[in-house]
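Enquirer: Quick one: structure below, then a few questions.
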Amino acid sequence: MLGAFFINACKVQNVKESLSTESKPEGFYSFKGAGHEPEWEISISDSDIVYSHINQPGKAVYKELKVTPIMDLIGMTYSASDANGNNIYVQVFKEDCRDIMEDKTWPARVELSVETGNIPTNRMETSLLGCGKFMDERLNGTWFLKSLNGKKIKVKDKMPQVIFNDKERSVSANMGCNGMGGSYELWNSTVYFNENFMSTLLFCKGVMDLESEFSKSLAGKALKYAFVGEELIFSDLDNKVIMKLRKD
């Protein structure tokens, strides 16, 4: 039923800057989406969808979240229901979504519909287009590299560190000599690191091999991540652990 509804491509204008600046005090949300004409916003966590619309008072919370991959497309369908039996459907596509007015490109295209339960035909009451991105504030901050490709990190002085900034989608690192860094994007629990991983060009004896291995392990790679205890663990798509980090 939804396949016939979510077909049209979109050119979204003037998407809210709040996608990158707002966070919910109760905890991180894994996806934020927004659009204009009319104004609306969604926040999707691992348990619910919070939806607001300029023509509706307050925010609507939809529970019993279900997630379904979109067949033959790179995307996900999120569906949930509220206490009154209304349903919301959010489709997120992994493709650039251009904000013409702000001259900005978001990494995901969003199509949203609300199904009102008291309508006998169950027709779609709302059809909205917008842009969005996955977010994870837990990545933020300085992490210390504990292992890389199965080898424990041994240092004489300062532990190699990796710094994530989820708002800016940037990652920087220092293995003990050169400063390195690049950008990344999130899709669900996968980090896509940009292939242009930059570095200063100092020579430091005993560090260069680690720097090279670290850079090759991230640049241009798609790595799954998970928080296990106090560790942040990155693995390749075959579940081989690439690196482990901690904040202490």
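By convention in this document, the chains of the structure tokens carry letters A, B, ... by their order, each chain's residues are numbered from 1, and ligands are numbered from 1 in the order they are shown.
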Which residues, written as a PyMOL selection string, have at least one atom at most 7 Å from Val171 of chain A, with only C-alpha atoms counted and residues fewer than 4 positions away on the same chain left out?
Expert: chain A and resi 163-165+181-183
Enquirer: Just list as number ranges by chain whatever in segment 46-144 of chain A DSSP marks as strand (DSSP E or B).
Expert: A: 49-53, 60-69, 75-81, 87-93, 97-99, 104-106, 108-115, 124-134, 141-144
Enquirer: For Tyr184 of chain A, which residue out of A:Val207, A:Met243, A:Pro107, A:Glu115 is the nearest one, using only C-alpha atoms?
Expert: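 Comparing A:Val207, A:Met243, A:Pro107, A:Glu115 against Tyr184 of chain A, the winner is A:Pro107.
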Enquirer: Write out as a list of chain:residue names which residues come within 12 Å of Lys59 of chain A when counting only C-alpha atoms, dropping same-chain ones fewer than 3 positions away.
Expert: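 Final neighbour list, sorted by chain and number: A:Trp40, A:Glu41, A:Ile42, A:Ser43, A:Ile49, A:Val50, A:Tyr51, A:Ser52, A:His53, A:Ile54, A:Asn55, A:Gln56, A:Tyr62, A:Asp82.
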Enquirer: Pick from A:Asn87, A:Pro57, A:Asp136, A:Thr105: nearest to Lys32 of chain A, with only C-alpha atoms counted?
Expert: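 Smallest distance to Lys32 of chain A is found for A:Asp136.
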Enquirer: Please determine, counting only C-alpha atoms, which residue among A:Met71, A:Leu201, A:Leu128, A:Met76 has the shortest atom-to-atom distance to Pro38 of chain A.
Expert: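 Ranking A:Met71, A:Leu201, A:Leu128, A:Met76 by distance to Pro38 of chain A, first place goes to A:Leu128.
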Enquirer: Quick one: residues within 12 Å of Val228 of chain A, only C-alpha atoms counted, chain neighbours fewer than 4 positions away excluded, as a list in words?
Expert: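 What passes the distance filter is Leu232, Ile233, Phe234, Lys244, Leu245 and Arg246 of chain A.
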Enquirer: Could the residues in this selection be saved with N, CA and C atoms as an mmCIF file, in the first residue's frame?
Expert:
data_model
loop_
_atom_site.group_PDB
_atom_site.id
_atom_site.type_symbol
_atom_site.label_atom_id
_atom_site.label_comp_id
_atom_site.auth_asym_id
_atom_site.auth_seq_id
_atom_site.Cartn_x
_atom_site.Cartn_y
_atom_site.Cartn_z
ATOM 1 N N LEU A 232 33.509 1.967 22.799
ATOM 2 C CA LEU A 232 32.941 2.236 21.482
ATOM 3 C C LEU A 232 33.685 1.337 20.503
ATOM 4 N N ILE A 233 32.959 0.436 19.859
ATOM 5 C CA ILE A 233 33.585 -0.573 19.007
ATOM 6 C C ILE A 233 33.159 -0.375 17.558
ATOM 7 N N PHE A 234 34.130 -0.304 16.672
ATOM 8 C CA PHE A 234 33.878 -0.211 15.238
ATOM 9 C C PHE A 234 34.233 -1.537 14.579
ATOM 10 N N LYS A 244 38.752 -0.408 18.930
ATOM 11 C CA LYS A 244 38.037 -0.233 20.186
ATOM 12 C C LYS A 244 38.549 1.060 20.836
ATOM 13 N N LEU A 245 37.593 1.853 21.382
ATOM 14 C CA LEU A 245 37.933 3.094 22.024
ATOM 15 C C LEU A 245 37.246 3.201 23.370
ATOM 16 N N ARG A 246 37.816 3.984 24.269
ATOM 17 C CA ARG A 246 37.205 4.275 25.559
ATOM 18 C C ARG A 246 37.396 5.759 25.863
#
Enquirer: To one decimal in Å, tell me the separation between atom CA of Val114 of chain A and atom CA of Ser127 of chain A.
Expert: 7.3 Å
Enquirer: I'd like to know which residues of segment 121-235 of chain A are helix (DSSP H, G or I) (by DSSP, run on the backbone); could you write them as a VMD selection string?
Expert: chain A and resid 137 to 139 208 to 218
Enquirer: For segment 238-241 of chain A, please output as a list in words all residues within 10 Å (counting only C-alpha atoms; exclusion window: fewer than 4 positions along the same chain).
Expert: Ser147, Leu148, Asn149, Gly150, Leu223, Lys224, Tyr225, Ile233 and Phe234 of chain A
Enquirer: Those same residues - all heavy atoms - I'd like them written as a PDB file, in the first residue's frame.
Expert:
ATOM      1  N   SER A 147      42.612  -0.417  20.834  1.00  0.00           N
ATOM      2  CA  SER A 147      43.107  -1.468  19.948  1.00  0.00           C
ATOM      3  C   SER A 147      42.762  -1.106  18.510  1.00  0.00           C
ATOM      4  O   SER A 147      41.783  -0.400  18.247  1.00  0.00           O
ATOM      5  CB  SER A 147      42.511  -2.831  20.305  1.00  0.00           C
ATOM      6  OG  SER A 147      41.128  -2.886  19.987  1.00  0.00           O
ATOM      7  N   LEU A 148      43.571  -1.597  17.593  1.00  0.00           N
ATOM      8  CA  LEU A 148      43.375  -1.347  16.167  1.00  0.00           C
ATOM      9  C   LEU A 148      43.695  -2.623  15.405  1.00  0.00           C
ATOM     10  O   LEU A 148      44.807  -3.158  15.507  1.00  0.00           O
ATOM     11  CB  LEU A 148      44.276  -0.204  15.694  1.00  0.00           C
ATOM     12  CG  LEU A 148      44.154   0.199  14.225  1.00  0.00           C
ATOM     13  CD1 LEU A 148      42.761   0.747  13.918  1.00  0.00           C
ATOM     14  CD2 LEU A 148      45.217   1.240  13.868  1.00  0.00           C
ATOM     15  N   ASN A 149      42.710  -3.126  14.691  1.00  0.00           N
ATOM     16  CA  ASN A 149      42.858  -4.362  13.916  1.00  0.00           C
ATOM     17  C   ASN A 149      43.400  -5.514  14.767  1.00  0.00           C
ATOM     18  O   ASN A 149      44.294  -6.270  14.345  1.00  0.00           O
ATOM     19  CB  ASN A 149      43.764  -4.127  12.699  1.00  0.00           C
ATOM     20  CG  ASN A 149      43.131  -3.167  11.699  1.00  0.00           C
ATOM     21  OD1 ASN A 149      41.939  -3.260  11.407  1.00  0.00           O
ATOM     22  ND2 ASN A 149      43.924  -2.244  11.171  1.00  0.00           N
ATOM     23  N   GLY A 150      42.850  -5.625  15.962  1.00  0.00           N
ATOM     24  CA  GLY A 150      43.190  -6.742  16.830  1.00  0.00           C
ATOM     25  C   GLY A 150      44.447  -6.566  17.654  1.00  0.00           C
ATOM     26  O   GLY A 150      44.796  -7.442  18.465  1.00  0.00           O
ATOM     27  N   LEU A 223      31.885   1.622   8.489  1.00  0.00           N
ATOM     28  CA  LEU A 223      32.107   0.817   9.676  1.00  0.00           C
ATOM     29  C   LEU A 223      30.873   0.859  10.582  1.00  0.00           C
ATOM     30  O   LEU A 223      30.324   1.929  10.854  1.00  0.00           O
ATOM     31  CB  LEU A 223      33.321   1.326  10.461  1.00  0.00           C
ATOM     32  CG  LEU A 223      34.671   1.306   9.739  1.00  0.00           C
ATOM     33  CD1 LEU A 223      35.763   1.849  10.657  1.00  0.00           C
ATOM     34  CD2 LEU A 223      35.023  -0.103   9.276  1.00  0.00           C
ATOM     35  N   LYS A 224      30.453  -0.293  11.026  1.00  0.00           N
ATOM     36  CA  LYS A 224      29.374  -0.364  12.005  1.00  0.00           C
ATOM     37  C   LYS A 224      29.940  -0.020  13.381  1.00  0.00           C
ATOM     38  O   LYS A 224      31.103  -0.301  13.662  1.00  0.00           O
ATOM     39  CB  LYS A 224      28.768  -1.767  12.018  1.00  0.00           C
ATOM     40  CG  LYS A 224      28.113  -2.162  10.699  1.00  0.00           C
ATOM     41  CD  LYS A 224      27.394  -3.492  10.808  1.00  0.00           C
ATOM     42  CE  LYS A 224      28.369  -4.630  11.037  1.00  0.00           C
ATOM     43  NZ  LYS A 224      27.679  -5.949  11.043  1.00  0.00           N
ATOM     44  N   TYR A 225      29.090   0.584  14.218  1.00  0.00           N
ATOM     45  CA  TYR A 225      29.563   0.910  15.552  1.00  0.00           C
ATOM     46  C   TYR A 225      28.538   0.465  16.595  1.00  0.00           C
ATOM     47  O   TYR A 225      27.346   0.352  16.323  1.00  0.00           O
ATOM     48  CB  TYR A 225      29.858   2.401  15.691  1.00  0.00           C
ATOM     49  CG  TYR A 225      28.636   3.295  15.763  1.00  0.00           C
ATOM     50  CD1 TYR A 225      28.101   3.697  16.976  1.00  0.00           C
ATOM     51  CD2 TYR A 225      28.025   3.750  14.599  1.00  0.00           C
ATOM     52  CE1 TYR A 225      26.984   4.517  17.044  1.00  0.00           C
ATOM     53  CE2 TYR A 225      26.914   4.575  14.643  1.00  0.00           C
ATOM     54  CZ  TYR A 225      26.400   4.963  15.868  1.00  0.00           C
ATOM     55  OH  TYR A 225      25.296   5.771  15.929  1.00  0.00           O
ATOM     56  N   ILE A 233      32.959   0.436  19.859  1.00  0.00           N
ATOM     57  CA  ILE A 233      33.585  -0.573  19.007  1.00  0.00           C
ATOM     58  C   ILE A 233      33.159  -0.375  17.558  1.00  0.00           C
ATOM     59  O   ILE A 233      31.958  -0.287  17.263  1.00  0.00           O
ATOM     60  CB  ILE A 233      33.212  -1.987  19.477  1.00  0.00           C
ATOM     61  CG1 ILE A 233      33.681  -2.199  20.922  1.00  0.00           C
ATOM     62  CG2 ILE A 233      33.810  -3.042  18.552  1.00  0.00           C
ATOM     63  CD1 ILE A 233      33.283  -3.542  21.506  1.00  0.00           C
ATOM     64  N   PHE A 234      34.130  -0.304  16.672  1.00  0.00           N
ATOM     65  CA  PHE A 234      33.878  -0.211  15.238  1.00  0.00           C
ATOM     66  C   PHE A 234      34.233  -1.537  14.579  1.00  0.00           C
ATOM     67  O   PHE A 234      35.291  -2.113  14.840  1.00  0.00           O
ATOM     68  CB  PHE A 234      34.710   0.902  14.602  1.00  0.00           C
ATOM     69  CG  PHE A 234      34.195   2.284  14.901  1.00  0.00           C
ATOM     70  CD1 PHE A 234      34.614   2.965  16.038  1.00  0.00           C
ATOM     71  CD2 PHE A 234      33.289   2.907  14.050  1.00  0.00           C
ATOM     72  CE1 PHE A 234      34.136   4.235  16.324  1.00  0.00           C
ATOM     73  CE2 PHE A 234      32.804   4.173  14.328  1.00  0.00           C
ATOM     74  CZ  PHE A 234      33.230   4.840  15.464  1.00  0.00           C
TER      75      PHE A 234
END
Enquirer: Neighbouring residues of Val90 of chain A were defined as those with any atom within 9 Å, considering only C-alpha atoms; residues of the same chain fewer than 3 positions away were excluded. Please report them as a ChimeraX atom specification.
Expert: /A:42,76-79,110-114
Enquirer: Write the selection just made, keeping C-alpha atoms, as a short mmCIF file (atom, residue, chain, number, x, y, z; two decimals), in the first residue's frame?
Expert:
data_model
loop_
_atom_site.label_atom_id
_atom_site.label_comp_id
_atom_site.auth_asym_id
_atom_site.auth_seq_id
_atom_site.Cartn_x
_atom_site.Cartn_y
_atom_site.Cartn_z
CA ILE A 42 9.88 14.47 13.30
CA MET A 76 13.84 2.34 5.88
CA THR A 77 10.16 2.61 6.75
CA TYR A 78 9.27 3.60 10.31
CA SER A 79 5.68 3.12 11.44
CA VAL A 110 12.09 11.92 4.04
CA GLU A 111 8.50 11.16 3.06
CA LEU A 112 5.86 11.17 5.76
CA SER A 113 2.18 10.34 6.04
CA VAL A 114 -0.35 10.24 8.87
#
Enquirer: Measuring between only C-alpha atoms, which one of A:Phe227, A:Gly35, A:Gly220, A:Gly206 shows the shortest distance to Arg98 of chain A?
Expert: A:Gly35
Enquirer: Need to verify the contact set: Thr200 of chain A, 8 Å, only C-alpha atoms, exclusion of same-chain residues closer than 3 positions in sequence. Can you return it as a JSON list (two decimals) with N, CA, C and O atoms, in the first residue's frame?
Expert:
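The new file selection-v8.json reads:
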[["chain", "number", "residue", "atom", "x", "y", "z"],
["A", 178, "ASN", "N", 51.12, 13.57, 14.13],
["A", 178, "ASN", "CA", 50.36, 14.42, 13.22],
["A", 178, "ASN", "C", 48.89, 14.51, 13.60],
["A", 178, "ASN", "O", 48.30, 13.54, 14.11],
["A", 179, "GLY", "N", 48.33, 15.66, 13.31],
["A", 179, "GLY", "CA", 46.89, 15.81, 13.43],
["A", 179, "GLY", "C", 46.22, 15.29, 12.16],
["A", 179, "GLY", "O", 46.67, 15.58, 11.05],
["A", 180, "MET", "N", 45.18, 14.49, 12.32],
["A", 180, "MET", "CA", 44.47, 13.92, 11.18],
["A", 180, "MET", "C", 42.99, 14.20, 11.34],
["A", 180, "MET", "O", 42.51, 14.44, 12.45]]
Enquirer: Provide the atom CA of Ala83 of chain A to atom CA of Ala108 of chain A distance in Å, to one decimal place.
Expert: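 A separation of 28.8 Å between them.
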Enquirer: Which is closest to Leu237 of chain A among A:Val191, A:Cys177, A:Val92, A:Met135, if we use only C-alpha atoms?
Expert: A:Val191
